[in-house]
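Student: This is the structure I have questions about; it appears just below.
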Amino acid sequence: MPESQPPESAGTALADEMETTGLVADAFTVEIAGVTAGVQPTRKRRLGFGAWLALVWLVGLIVAAIAAPILPIAGPNETFTSIQRAQAPFATISTPGGGTTTPFAEGHLLGGDRNGHDLLSRAVYGARNSLIVGFGAIAFGILVGGLLGLIGGYYRGRVDSVIVAFLDIMLAIPALVLALSLTAVLRGRVPDLWILVIALAIISVPVLGRITRANTLVWSEREFVTAARAQGAKNWRIMTREVLPNVLPAMFSIALLGVAVVISAEAALRLLGIGLSITDPSWGGIINDGRDFLTQGITAHVVFVGSAFIFFTILALNYLADVVRARFDVREAAI
Amino acid sequence: MIRWRRHERADITERFPTESVEGPLLEVTNVETHFETPRGVVHAVDDVSFSLDRGRTLGVVGESGSGKTVLSRSVMGLLPKKHVIRRGSIKFEGREIGNASAEEMRHIWGSQMAMIFQDPMTSLNPVMKVGKQITESLLYHLDISRTYATELAEALLTSVGIPEPKRRLAEYPHQLSGGLRQRVMIAIALACGPKLLFADEPTTALDVTVQAQILDLLQEQQRERFMAMILVTHDLGVVAGRTDEIAVMYAGKIVEKAPTSVLFRNMKMPYTEALVRSIPKLSDRSHTRLNVIPGRPPQLVNPPVGCRFAPRCPYAQDKCVKEEPPLRESDVPGHKFACWFPVGTPEGRDALERNRAAGLPAAVGSDGAATALPNSSAAEVG
Amino acid sequence: MLDALGTILGILLILFVILGVLGVLALAVGTRAGRKKLLQLIVVLLVVTFFSFSLLHLTPGDPARTQKPFATEAQLRPIRKEIGLDKPFLVQYKDWLFDFVRGDFGKDYSTNLPVKDSIGKQLGVSLQLIFYAQFLALLFAIPLGILAAYKAGTWFDKIANSVAFGAIAIPPFVIAFVFIFYLAVQGGWFPTQQYVAFGTDPAEHIKHMFLPALSLAIAQIAIYMRLLRSDMIQTLQEDFITMAKAKGLTNRRILWRHALRPSSFTLLTAAALNFGALIGGAVVIEFIFQLPGMGLGLVTAVGTRQYSAVQAYVALIAVAFVLFNAFVDGVYSVLDPRIRHARVAAA
């Protein structure tokens with residue numbers, strides 16, 4: 001074979017030719033068989049409109065949750081007779097969807113639930129609990145799972161095997177079952193909110209641990225880690241200064257997804273009658289309070305208000321997680 | 001489950017009459033294929049024309065990146081529609097197929113035109129049995145029963161020299177050797193008795209020892225079935241003894257085209273000369289340095305103004321860089337070339353001398369004439 | 001009335017699990033990795049059952065009294081003996097584990113019935129629900145995924161992707177409430193609660209199972225669609241697809257017959273793992289629709305503080321999940337060589 005022509009054994013001749021003719025196969029659509037394929041979204045350097053929207057929603061929620069007592073809204077457990085009367089279940093059950101159950105009545109922006117609570121106030125105060133549970137559980141999960149993953153991925157060997165086995169075992173029990181049994185066990189010993197945070201944190205540990213470990217494994221192989229080691233840096237220092245900063249984006253991305261999962265899990269547990277008490281508002285609590293109205297056909301809006309807050313928050317978190325992943329080129333395959 | 005609708009037999013014959021039509025089987029005129037890329041428009045195939053008669057073989061030769069694969073896929077219409085600009089006329093049996101839709105081409109693909117791809121490992125479906133891959137096009141294009149299709153497939157495997165065809169039909173591609181896989185691919189291509197066969201680097205992915213066998217098989221089948229064949233390769237040795245005509249492509253253009261014997265005996269284009277020189281010969285002593293063409297083919301986003309080979313050409317003069325040479329007829333009928341200072345002419349010899357006197361590096365050896373015709377054994381080695 | 005479909009599904013599942021374990025065992029004999037896997041499996045099973053067992057003792061108060069709050073001390077004594085509270089902790093675990101493996105799951109002290117009886121029926125209901133949900137998910141996800149890959153980059157693809165992104169963000173219980181309100185309560189086309197066995201009335205059975213199954217399926221449709229789409233896009237760039245096109249086959253045939261199978265590996269793995277995860281993971285949906293499955297059984301046991309029953313539920317769900325994953329693992333290690341071979345060669 002003439003040396004001037006490199007052997008074209010690898011890949012198709014077409015791909016070869018495209019490459020040499022200057023076609024960037026990965027940067028634009030390549031169609032084959034009249035079939036479009038290979039659309040690789042160009043990586044966005046700037047935050048898109050969607051990301052801004054997601055950020056605004058989340059920051060707005062957090063600010064509102066913190067500032068709830070000074071906001072011009074009713075207290076979460078304040079009852080309004082106007083709401084109660086309008087939505088008394090037995091008064092309106094004969095006329096489902098009748099005029100008396102309009103959600104946007106009498107200065108209550110989102111209407112009220114069957115107990116006469118103002119839903120806007122319930123939602124804002126509920127955001128406090130839902131977000132505390134969501135972020136609290138994941139913060140704890142990151143601390144424990146992240147540490148385990150970092151140590152396992154960095155040291156490897158026997159330490160790693162034990163950690164992986166531990167994470168595998170935790171992963172073996174379906175999350176909701178674990179949360180259900182943990183809350184059942186812890187009930188009455190610690191405040192309800194803490195039960196939720198602890199139970200949901202324990203669920204998040206294996207997921208966060210595995211992601212951290214997988215990424216640590218990859219990054220610990222890199223030259224700059226070897227270089228740092230050659231310079232005599234201590235393991236702990238290498239881990240925190242060299243490896244951790246590179247693993248953080250992946251952890252952060254998964255943590256955002258985790259917060260979303262935990263918020264949804266809180267609501268699920270609340271539906272099952274476990275978790276916060278009725279006086280502690282949360283988004284799951286709103287849904288739970290509106291359930292009877294919905295199944296009786298009186299009104300769905302109470303459930304939908306709670307659901308909407310959960311949905312938009314999860315959507316925002318998922319979107320931001322995607323943005324983080326795309327920006328830092330986090331490889332999902334490592335999971 | 002939706003049943004796959006087969007073409008009506010009448011439909012095919014109506015659109016593409018099976019009886020012979022006067023004129024060449026394939027006529028390609030001024031074909032251009034450009035790709036729109038973020039870096040600009042890539043002129044992968046530029047102004048290419050040729051024609052091919054029934055039962056004849058055309059070799060298309062060029063380095064990787066010369067546009068030969070794109071050309072064969074353009075002619076067959078296999079390129080995507082998106083981001084691809086295709087101009088010019090392609091006539092198959094006198095009918096224009098250059099701008100036919102995939103829907104219309106489907107009647108031609110497989111049954112009238114078929115293609116053999118470079119790498120049988122990646123071109124055969126890894127999770128489909130060999131038998132099914134052969135019978136599916138039979139069942140699709142011809143109105144025959146499943147049992148008959150299986151019999152045909154078996155016969156096809158026998159005809160391409162695969163032992164124990166019955167067993168092979170039930171096997172997956174990864175269970176076969178590279179040579180057998182390529183034979184299977186040939187069987188698939190031949191299944192519906194196409195009139196035109198494209199062989200796109202059919203032996204590149206194969207062991208050297210198998211290459212000659214596959215090429216012989218192709219030649220034998222082509223003669224037996226009176227098929228026309230376009231053999232695309234980067235290896236002049238491959239086409240030397242096996243084609244009626246050769247078109248040499250460089251940077252998306254045909255730079256020389258001639259009947260095979262004429263091309264080797266009387267090449268005009270310095271690029272062709274360089275290609276021929278780069279074929280190692282058995283007569284060379286071992287450890288002889290290979291003649292390589294210095295440099296790389298140009299980027300085709302903004303092709304050079306003049307002759308595209310000029311930057312690598314030992315004959316290049318100022319004129320070559322400024323003006324593009326047209327593809328013109330030589331004194332031998334059917335021989336065309338694009339060069340201002342052709343090999344073997346006084347102008348060419350002068351140009352080479354001038355460059356050598358100026359101390360420019362010369363890729364091509366002592367004099368302008370080609371040294372020897374590569375024999376068939378050299379082709380097998382190559 | 002014997003629920004034929006549930007029983008068949010149950011038998012199939014047990015067969016699958018046995019096959020999976022056999023697969024892992026077969027590997028264990030041959031390779032080091034296989035032996036390691038088997039050892040891991042055993043350790044995981046032991047720890048998981050130990051955790052389930054410990055639940056009873058982690059609960060505050062006297063385990064016997066918690067389960068039978070209004071009993072006299074004299075009435076509690078035989079219960080303590082039955083649970084084995086008089087023995088050392090590890091002996092208790094051993095006894096419990098042996099009982100568990102033999103299928104003796106203890107007693108529900110609120111009804112004084114063996115837990116085994118209710119679990120048998122509940123498993124059948126859960127398996128049906130999971131089966132329908134996965135069926136619906138794949139039924140919609142496969143064509144959508146193929147179409148999205150085929151039309152990658154077009155408006156259809158973009159819309160499908162956005163909708164899928166949104167669908168993933170909706171918790172299943174929200175979907176369930178939307179369905180209940182619009183399709184069941186207001187529309188009246190579906191019942192909201194209760195379970196009807198297939199054997200009793202097939203049409204009613206489907207009617208009762210449709211909304212719960214669809215509620216579970218929606219998010220999975222989105223996930224599966226995206227998985228299939230991305231794998232399919234890669235497959236469509238393979239040479240054998242161009243080859244299929246050059247054979248003159250229709251796009252539809254190329255997509256379904258040539259591209260789908262090599263692209264479905266990730267999808268099927270995800271579906272298989274989901275199947276295992278849903279055995280106890282459909283708790284909320286079972287609860288909302290009051291389907292007497294494993295999830296509802298667990299919630300009821302937690303609610304009535306029947307911790308002996310909770311032990312059994314948690315252990316069963318976890319063991320089923322672990323074994324199911326082992327099964328998927330085992331099956332794919334058997335299937336993998338061929339597919340991996342093809343993938344590597346095609347890459």
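Convention: chains lettered A, B, ... in structure tokens order; per-chain residue numbering from 1; ligands numbered from 1 as shown.
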If we count only C-alpha atoms and set the cut-off at 8 Å, which residues sit around Ile116 (chain B), ignoring sequence neighbours fewer than 4 positions away in its own chain? Please answer as a list in words.

Tutor: Met185, Ile186, Ala189, Leu197, Phe198, Ala199, Asp200 and Pro202 of chain B

Student: Excluding Leu256 (chain A) and residues on its chain fewer than 6 positions from it, collect all residues at most 7 Å away from it, counting only C-alpha atoms, and give them as a PyMOL selection string.

Tutor: chain A and resi 317-318+321

Student: Select from chain C every residue with an atom at most 6 Å from any atom of chain A, then for each give the shortest pair of atoms and their distance in Å to one decimal, using only C-alpha atoms, rows by chain and rising number, as a tab-separated table.

Tutor:
```
residue	atom	partner	partner_atom	distance
C:Val44	CA	A:Ile169	CA	5.5
C:Thr59	CA	A:Val185	CA	4.7
C:Tyr150	CA	A:Val35	CA	5.4
C:Lys151	CA	A:Thr36	CA	5.8
C:Ala152	CA	A:Thr36	CA	5.6
C:Ala169	CA	A:Leu315	CA	5.2
C:Ile170	CA	A:Phe311	CA	5.6
C:Val185	CA	A:Gly297	CA	5.7
C:Ile233	CA	A:Ala37	CA	5.0
C:Thr242	CA	A:Ala33	CA	5.1
C:Lys245	CA	A:Ala33	CA	5.3
C:Ala318	CA	A:Ile173	CA	4.8
C:Val322	CA	A:Ala172	CA	5.8
```

Student: Put those residues in a file: C-alpha atoms, as a PDB file, in the first residue's frame.

Tutor:
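So part26.pdb came out as:
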```pdb
ATOM      1  CA  VAL C  44     -26.230  -7.520  50.141  1.00  0.00           C
ATOM      2  CA  THR C  59     -39.132   1.272  66.852  1.00  0.00           C
ATOM      3  CA  TYR C 150     -35.477   9.912  12.766  1.00  0.00           C
ATOM      4  CA  LYS C 151     -36.527  13.538  12.853  1.00  0.00           C
ATOM      5  CA  ALA C 152     -33.670  14.668  15.089  1.00  0.00           C
ATOM      6  CA  ALA C 169     -40.825  16.807  36.184  1.00  0.00           C
ATOM      7  CA  ILE C 170     -44.389  15.764  37.051  1.00  0.00           C
ATOM      8  CA  VAL C 185     -64.688  12.163  38.578  1.00  0.00           C
ATOM      9  CA  ILE C 233     -29.291   8.570  16.677  1.00  0.00           C
ATOM     10  CA  THR C 242     -26.596   3.272   4.775  1.00  0.00           C
ATOM     11  CA  LYS C 245     -30.848   2.253   2.461  1.00  0.00           C
ATOM     12  CA  ALA C 318     -35.755  -5.316  48.971  1.00  0.00           C
ATOM     13  CA  VAL C 322     -31.894  -7.168  44.617  1.00  0.00           C
TER      14      VAL C 322
END
```

Student: Restricting the calculation to only C-alpha atoms: of B:Pro294, B:Gly161, B:Gly241, B:Pro333, which residue gets closest to chain A?

Tutor: B:Pro294

Student: Taking the chain letters and numbering used in this document, name the residues of region 284-344 of chain B that DSSP puts in helix (DSSP H, G or I), as an NGL selection string.

Tutor: :B and (310-312 or 318-322)

Student: Can you write out the residues you just picked, keeping C-alpha atoms, as a compact mmCIF listing (two decimals), in the first residue's frame?

Tutor:
```
# COMPACT_ATOMS: atom_id res chain seq x y z
CA ALA B 310 -0.09 22.77 -7.90
CA PRO B 311 1.18 23.11 -4.30
CA ARG B 312 2.41 19.51 -4.35
CA ASP B 318 3.21 30.33 -12.03
CA LYS B 319 0.46 29.65 -14.49
CA CYS B 320 -0.65 26.60 -12.52
CA VAL B 321 -1.27 28.64 -9.40
CA LYS B 322 -3.15 31.37 -11.26
```

Student: Have a look at C:Gly124, C:Gly248, C:Gly199, C:Gly103 and name the one nearest to chain B; count only C-alpha atoms.

Tutor: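 Of C:Gly124, C:Gly248, C:Gly199, C:Gly103, the one nearest chain B, counting only C-alpha atoms, is C:Gly248.
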
Student: Quick one: residues within 6 Å of Lys336 (chain B), only C-alpha atoms counted, chain neighbours fewer than 2 positions away excluded, as a tab-separated table (two decimals) with N, CA and C atoms, in the first residue's frame?

Tutor:
```tsv
chain	number	residue	atom	x	y	z
B	256	GLU	N	-7.74	13.28	-14.53
B	256	GLU	CA	-7.32	12.53	-15.71
B	256	GLU	C	-8.24	11.35	-15.86
B	257	LYS	N	-8.58	11.06	-17.10
B	257	LYS	CA	-9.47	9.94	-17.33
B	257	LYS	C	-9.05	9.29	-18.64
B	328	ARG	N	-8.97	18.55	-20.81
B	328	ARG	CA	-8.97	18.56	-22.27
B	328	ARG	C	-8.60	17.19	-22.82
B	329	GLU	N	-8.96	17.00	-24.10
B	329	GLU	CA	-8.69	15.73	-24.77
B	329	GLU	C	-7.21	15.64	-25.13
B	330	SER	N	-6.63	14.46	-24.99
B	330	SER	CA	-5.28	14.28	-25.52
B	330	SER	C	-5.40	13.73	-26.94
```

Student: Would you mind reading off the distance between CA of Thr304 (chain C) and CA of Pro69 (chain C), one decimal, in Å?

Tutor: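 That distance, rounded to one decimal, is 10.3 Å.
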